[in-house]
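Visitor: One structure follows; several queries about it will come next.
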Amino acid sequence: MLTNKLNLPQAVVLAVQNDPYTRGNSDISVTQLITPPYQRRLKETVEPVEDVAERLFSLYGQIGHAILERAGLRAGLNVEERLFAKIGGLTVSGQYDIIQDGCLQDYKFTTHWSVKDEEPKQEWVEQLNLLRVLAIRNGMKVTSLRIIAFLRDHQKTMAKRDISYPQLPVATVDIPLWRIEDAEEFMAERIKAHLELNPPPCSDAERWMTNPVYALKKAGRKSAIKLFDEKSDADIACEAGGKDHFVEYRKGEYRRCNDYCNVSHGCPIFQDEQRTEF
């Protein structure tokens, strides 16, 4: 079900509804394989609910991919091709963005937080290595993997103030290349997990659990000055800051359940936790 809480124009609603994505004539896609099996099974009985506004970033990505596809065709590159392979009893499909000189590239329209860590996001590593499996099974040579990340929330002022902040609104992220045997084994494990009729509930890692933190705050300021893992460190910083400073405890949360799962409203585990909390 698609809602429109902000009453956005009908043209925007229709653009979101007219999503051209398809996994083709396959049983499961690479994108589905790296999602939690419990969540996927839940979607068989619970109607997903999303708001138009929540789908806008996906719409932006589609616009960007169309432009990149046009550029790739002009340069004679392999672009936007959906690949298929029979693996573990299922037909698996996946679509890469561009393959150039043996480098499989995927374009992401994301936030600067996605590229701040030294290590790339695990889901990116899994996705591209599984796409490589499909590419090799289709007779294609892939010797490296890369994410081209367009940072939709990039701020020039932040880049000037903080050298650890991405300095440009686009970043390239090299993805570790697994041994093909390891990638094949991982794919087989994911297929087996998704074939289970009653998969176990999502793990903390799958639910994107964040650790609790202690926020150093100042009266009159909305955002935290600094976040600390240990209360003792926050207390020391608070004392040094003066009487208008204070420490706020922020408990950990399940980010995927709270903000990124469109069937969390029908998940018995998450709903039980919500009732217990409130």
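Ligands are numbered from 1 in the order shown, chains are lettered A, B, ... in the order of the structure tokens, and residues start at 1 in each chain.
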Neighbours of segment 121-123 of chain A within 12 Å (only C-alpha atoms; same-chain residues fewer than 6 positions away dropped), as a list in words?
Guide: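 Counting only C-alpha atoms, the residues come to Val30, Thr31, Gln32, Leu33, Ile34, Thr35, Pro36, Lys108, Thr110, Trp113, Ser114, Val115, Asn129, Leu130, Ile147, Ala149, Val173, Asp174, Ile175, Pro176, Ala205, Glu206 and Trp208 of chain A.
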Visitor: Please identify all polymer residues within 7 Å of segment 93-102 of chain A, counting only C-alpha atoms, omitting same-chain residues fewer than 6 positions from it, and present them as number ranges by chain.
Guide: A: 23, 26, 28-30, 77-85, 131, 141-144
Visitor: Kindly give the distance, in Å, that separates atom CA of Gly61 of chain A and atom CA of Pro169 of chain A, rounded to a single decimal.
Guide: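 Distance reported for this atom pair: 14.8 Å.
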Visitor: Which residues in segment 87-169 of chain A does DSSP call strand (DSSP E or B)? List them as a list in words.
Guide: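 Those in segment 87-169 of chain A that DSSP calls strand (DSSP E or B) are Ile87, Leu90, Thr91, Val92, Ser93, Gly94, Gln95, Ile98, Ile99, Gln100, Cys103, Leu104, Gln105, Asp106, Tyr107, Lys108, Phe109, Thr110, Ser144, Leu145, Arg146, Ile147, Ile148, Ala149, Phe150 and Leu151 of chain A.
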Visitor: Now that the selection is made, can you save its residues with C-alpha atoms as a PDB file, in the first residue's frame?
Guide:
```
ATOM      1  CA  ILE A  87      21.910 -21.882  -8.624  1.00  0.00           C
ATOM      2  CA  LEU A  90      16.538 -21.374  -8.068  1.00  0.00           C
ATOM      3  CA  THR A  91      16.930 -18.983 -10.946  1.00  0.00           C
ATOM      4  CA  VAL A  92      18.825 -16.019  -9.535  1.00  0.00           C
ATOM      5  CA  SER A  93      19.006 -12.652 -11.279  1.00  0.00           C
ATOM      6  CA  GLY A  94      20.934  -9.466 -10.713  1.00  0.00           C
ATOM      7  CA  GLN A  95      21.555  -6.267 -12.619  1.00  0.00           C
ATOM      8  CA  ILE A  98      28.394  -0.731 -15.785  1.00  0.00           C
ATOM      9  CA  ILE A  99      31.260  -3.120 -16.507  1.00  0.00           C
ATOM     10  CA  GLN A 100      34.333  -1.345 -17.849  1.00  0.00           C
ATOM     11  CA  CYS A 103      35.537  -3.454 -13.243  1.00  0.00           C
ATOM     12  CA  LEU A 104      31.933  -4.019 -12.209  1.00  0.00           C
ATOM     13  CA  GLN A 105      30.593  -0.669 -11.059  1.00  0.00           C
ATOM     14  CA  ASP A 106      27.413   0.097  -9.159  1.00  0.00           C
ATOM     15  CA  TYR A 107      26.065   3.625  -8.778  1.00  0.00           C
ATOM     16  CA  LYS A 108      24.481   4.556  -5.465  1.00  0.00           C
ATOM     17  CA  PHE A 109      22.569   7.690  -4.556  1.00  0.00           C
ATOM     18  CA  THR A 110      23.185   7.729  -0.835  1.00  0.00           C
ATOM     19  CA  SER A 144      37.474  -5.596  -9.591  1.00  0.00           C
ATOM     20  CA  LEU A 145      34.417  -4.098  -7.923  1.00  0.00           C
ATOM     21  CA  ARG A 146      33.584  -0.465  -7.233  1.00  0.00           C
ATOM     22  CA  ILE A 147      30.804   1.698  -5.875  1.00  0.00           C
ATOM     23  CA  ILE A 148      30.324   5.186  -7.295  1.00  0.00           C
ATOM     24  CA  ALA A 149      28.457   6.979  -4.510  1.00  0.00           C
ATOM     25  CA  PHE A 150      26.630  10.234  -5.202  1.00  0.00           C
ATOM     26  CA  LEU A 151      26.110  11.947  -1.848  1.00  0.00           C
TER      27      LEU A 151
END
```
Visitor: Using DSSP on the backbone coordinates, identify the residues of segment 59-256 of chain A assigned to helix (DSSP H, G or I); present them as a PyMOL selection string.
Guide: chain A and resi 59-75+112-115+122-137+156-161+180-195+231-241+255-256
Visitor: Store the residues picked out above in a file with C-alpha atoms, as an mmCIF file, in the first residue's frame.
Guide:
```
data_model
loop_
_atom_site.group_PDB
_atom_site.id
_atom_site.type_symbol
_atom_site.label_atom_id
_atom_site.label_comp_id
_atom_site.auth_asym_id
_atom_site.auth_seq_id
_atom_site.Cartn_x
_atom_site.Cartn_y
_atom_site.Cartn_z
ATOM 1 C CA LEU A 59 13.000 7.819 -7.709
ATOM 2 C CA TYR A 60 16.076 10.067 -7.758
ATOM 3 C CA GLY A 61 18.223 6.991 -8.215
ATOM 4 C CA GLN A 62 16.167 5.878 -11.209
ATOM 5 C CA ILE A 63 16.608 9.298 -12.804
ATOM 6 C CA GLY A 64 20.339 9.180 -12.236
ATOM 7 C CA HIS A 65 20.646 5.647 -13.577
ATOM 8 C CA ALA A 66 18.835 6.638 -16.765
ATOM 9 C CA ILE A 67 21.388 9.392 -17.363
ATOM 10 C CA LEU A 68 24.302 7.050 -16.681
ATOM 11 C CA GLU A 69 22.827 4.426 -18.983
ATOM 12 C CA ARG A 70 22.695 6.992 -21.779
ATOM 13 C CA ALA A 71 26.357 7.846 -21.170
ATOM 14 C CA GLY A 72 27.345 4.183 -21.086
ATOM 15 C CA LEU A 73 25.648 3.415 -24.377
ATOM 16 C CA ARG A 74 27.418 6.337 -26.038
ATOM 17 C CA ALA A 75 30.777 5.036 -24.801
ATOM 18 C CA HIS A 112 27.716 10.872 3.277
ATOM 19 C CA TRP A 113 27.398 8.530 6.275
ATOM 20 C CA SER A 114 27.654 5.590 3.893
ATOM 21 C CA VAL A 115 31.227 6.471 2.924
ATOM 22 C CA GLN A 122 28.693 -5.000 4.233
ATOM 23 C CA GLU A 123 25.597 -5.098 2.039
ATOM 24 C CA TRP A 124 27.575 -3.422 -0.757
ATOM 25 C CA VAL A 125 30.327 -6.028 -0.434
ATOM 26 C CA GLU A 126 27.799 -8.862 -0.561
ATOM 27 C CA GLN A 127 25.780 -7.391 -3.433
ATOM 28 C CA LEU A 128 28.699 -6.761 -5.775
ATOM 29 C CA ASN A 129 30.403 -10.074 -5.079
ATOM 30 C CA LEU A 130 27.158 -11.934 -5.813
ATOM 31 C CA LEU A 131 26.733 -9.912 -9.010
ATOM 32 C CA ARG A 132 30.235 -11.001 -9.945
ATOM 33 C CA VAL A 133 29.174 -14.645 -9.554
ATOM 34 C CA LEU A 134 26.369 -14.066 -12.045
ATOM 35 C CA ALA A 135 28.660 -12.178 -14.420
ATOM 36 C CA ILE A 136 31.240 -14.974 -14.443
ATOM 37 C CA ARG A 137 28.515 -17.586 -14.966
ATOM 38 C CA LYS A 156 30.258 22.313 1.234
ATOM 39 C CA THR A 157 30.363 24.098 4.581
ATOM 40 C CA MET A 158 30.852 20.789 6.427
ATOM 41 C CA ALA A 159 33.605 19.792 4.004
ATOM 42 C CA LYS A 160 35.468 23.006 4.811
ATOM 43 C CA ARG A 161 35.129 22.551 8.570
ATOM 44 C CA ILE A 180 34.988 -16.836 -6.419
ATOM 45 C CA GLU A 181 34.682 -20.066 -4.402
ATOM 46 C CA ASP A 182 33.800 -18.070 -1.291
ATOM 47 C CA ALA A 183 31.269 -15.963 -3.186
ATOM 48 C CA GLU A 184 29.643 -19.106 -4.630
ATOM 49 C CA GLU A 185 29.459 -20.644 -1.153
ATOM 50 C CA PHE A 186 27.927 -17.477 0.301
ATOM 51 C CA MET A 187 25.308 -17.402 -2.441
ATOM 52 C CA ALA A 188 24.424 -21.050 -1.798
ATOM 53 C CA GLU A 189 24.033 -20.298 1.932
ATOM 54 C CA ARG A 190 21.746 -17.335 1.229
ATOM 55 C CA ILE A 191 19.604 -19.395 -1.134
ATOM 56 C CA LYS A 192 19.278 -22.132 1.483
ATOM 57 C CA ALA A 193 18.275 -19.557 4.121
ATOM 58 C CA HIS A 194 15.613 -18.042 1.856
ATOM 59 C CA LEU A 195 14.173 -21.455 1.014
ATOM 60 C CA LYS A 231 29.148 7.538 30.499
ATOM 61 C CA SER A 232 32.317 8.342 32.446
ATOM 62 C CA ASP A 233 33.860 10.009 29.376
ATOM 63 C CA ALA A 234 30.672 11.996 28.779
ATOM 64 C CA ASP A 235 30.587 13.110 32.424
ATOM 65 C CA ILE A 236 34.180 14.374 32.240
ATOM 66 C CA ALA A 237 33.432 16.360 29.080
ATOM 67 C CA CYS A 238 30.250 17.700 30.663
ATOM 68 C CA GLU A 239 32.092 18.935 33.739
ATOM 69 C CA ALA A 240 34.699 20.640 31.571
ATOM 70 C CA GLY A 241 31.974 22.297 29.521
ATOM 71 C CA ARG A 255 17.244 1.215 12.568
ATOM 72 C CA ARG A 256 15.937 -1.121 9.888
#
```
Visitor: Using only C-alpha atoms for the distances, tell me which of A:Arg41, A:Lys5, A:Arg207, A:Arg275 is nearest to Cys261 of chain A.
Guide: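 Residue with the minimum atom-to-atom distance to Cys261 of chain A: A:Arg207.
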Visitor: One decimal, Å: what's the distance from atom CA of Leu6 of chain A over to atom CA of Phe57 of chain A, could you say?
Guide: 15.4 Å
Visitor: Taking 6 positions as the minimum chain separation for residues in the same chain, which residues sit within 8 Å of Ala215 of chain A when counting only C-alpha atoms? Answer as a PyMOL selection string.
Guide: chain A and resi 224-228+234+247-250
Visitor: Skip Gln39 of chain A itself and residues of its chain fewer than 3 positions away, then list as a PyMOL selection string all residues within 9 Å of it, counting only C-alpha atoms.
Guide: chain A and resi 35-36+42-43+201-202+261+263-264+267
Visitor: In Å, with one decimal, what is the gap from atom CA of Leu2 of chain A to atom CA of Glu50 of chain A?
Guide: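 For atom CA of Leu2 of chain A relative to atom CA of Glu50 of chain A, the distance reads 5.2 Å.
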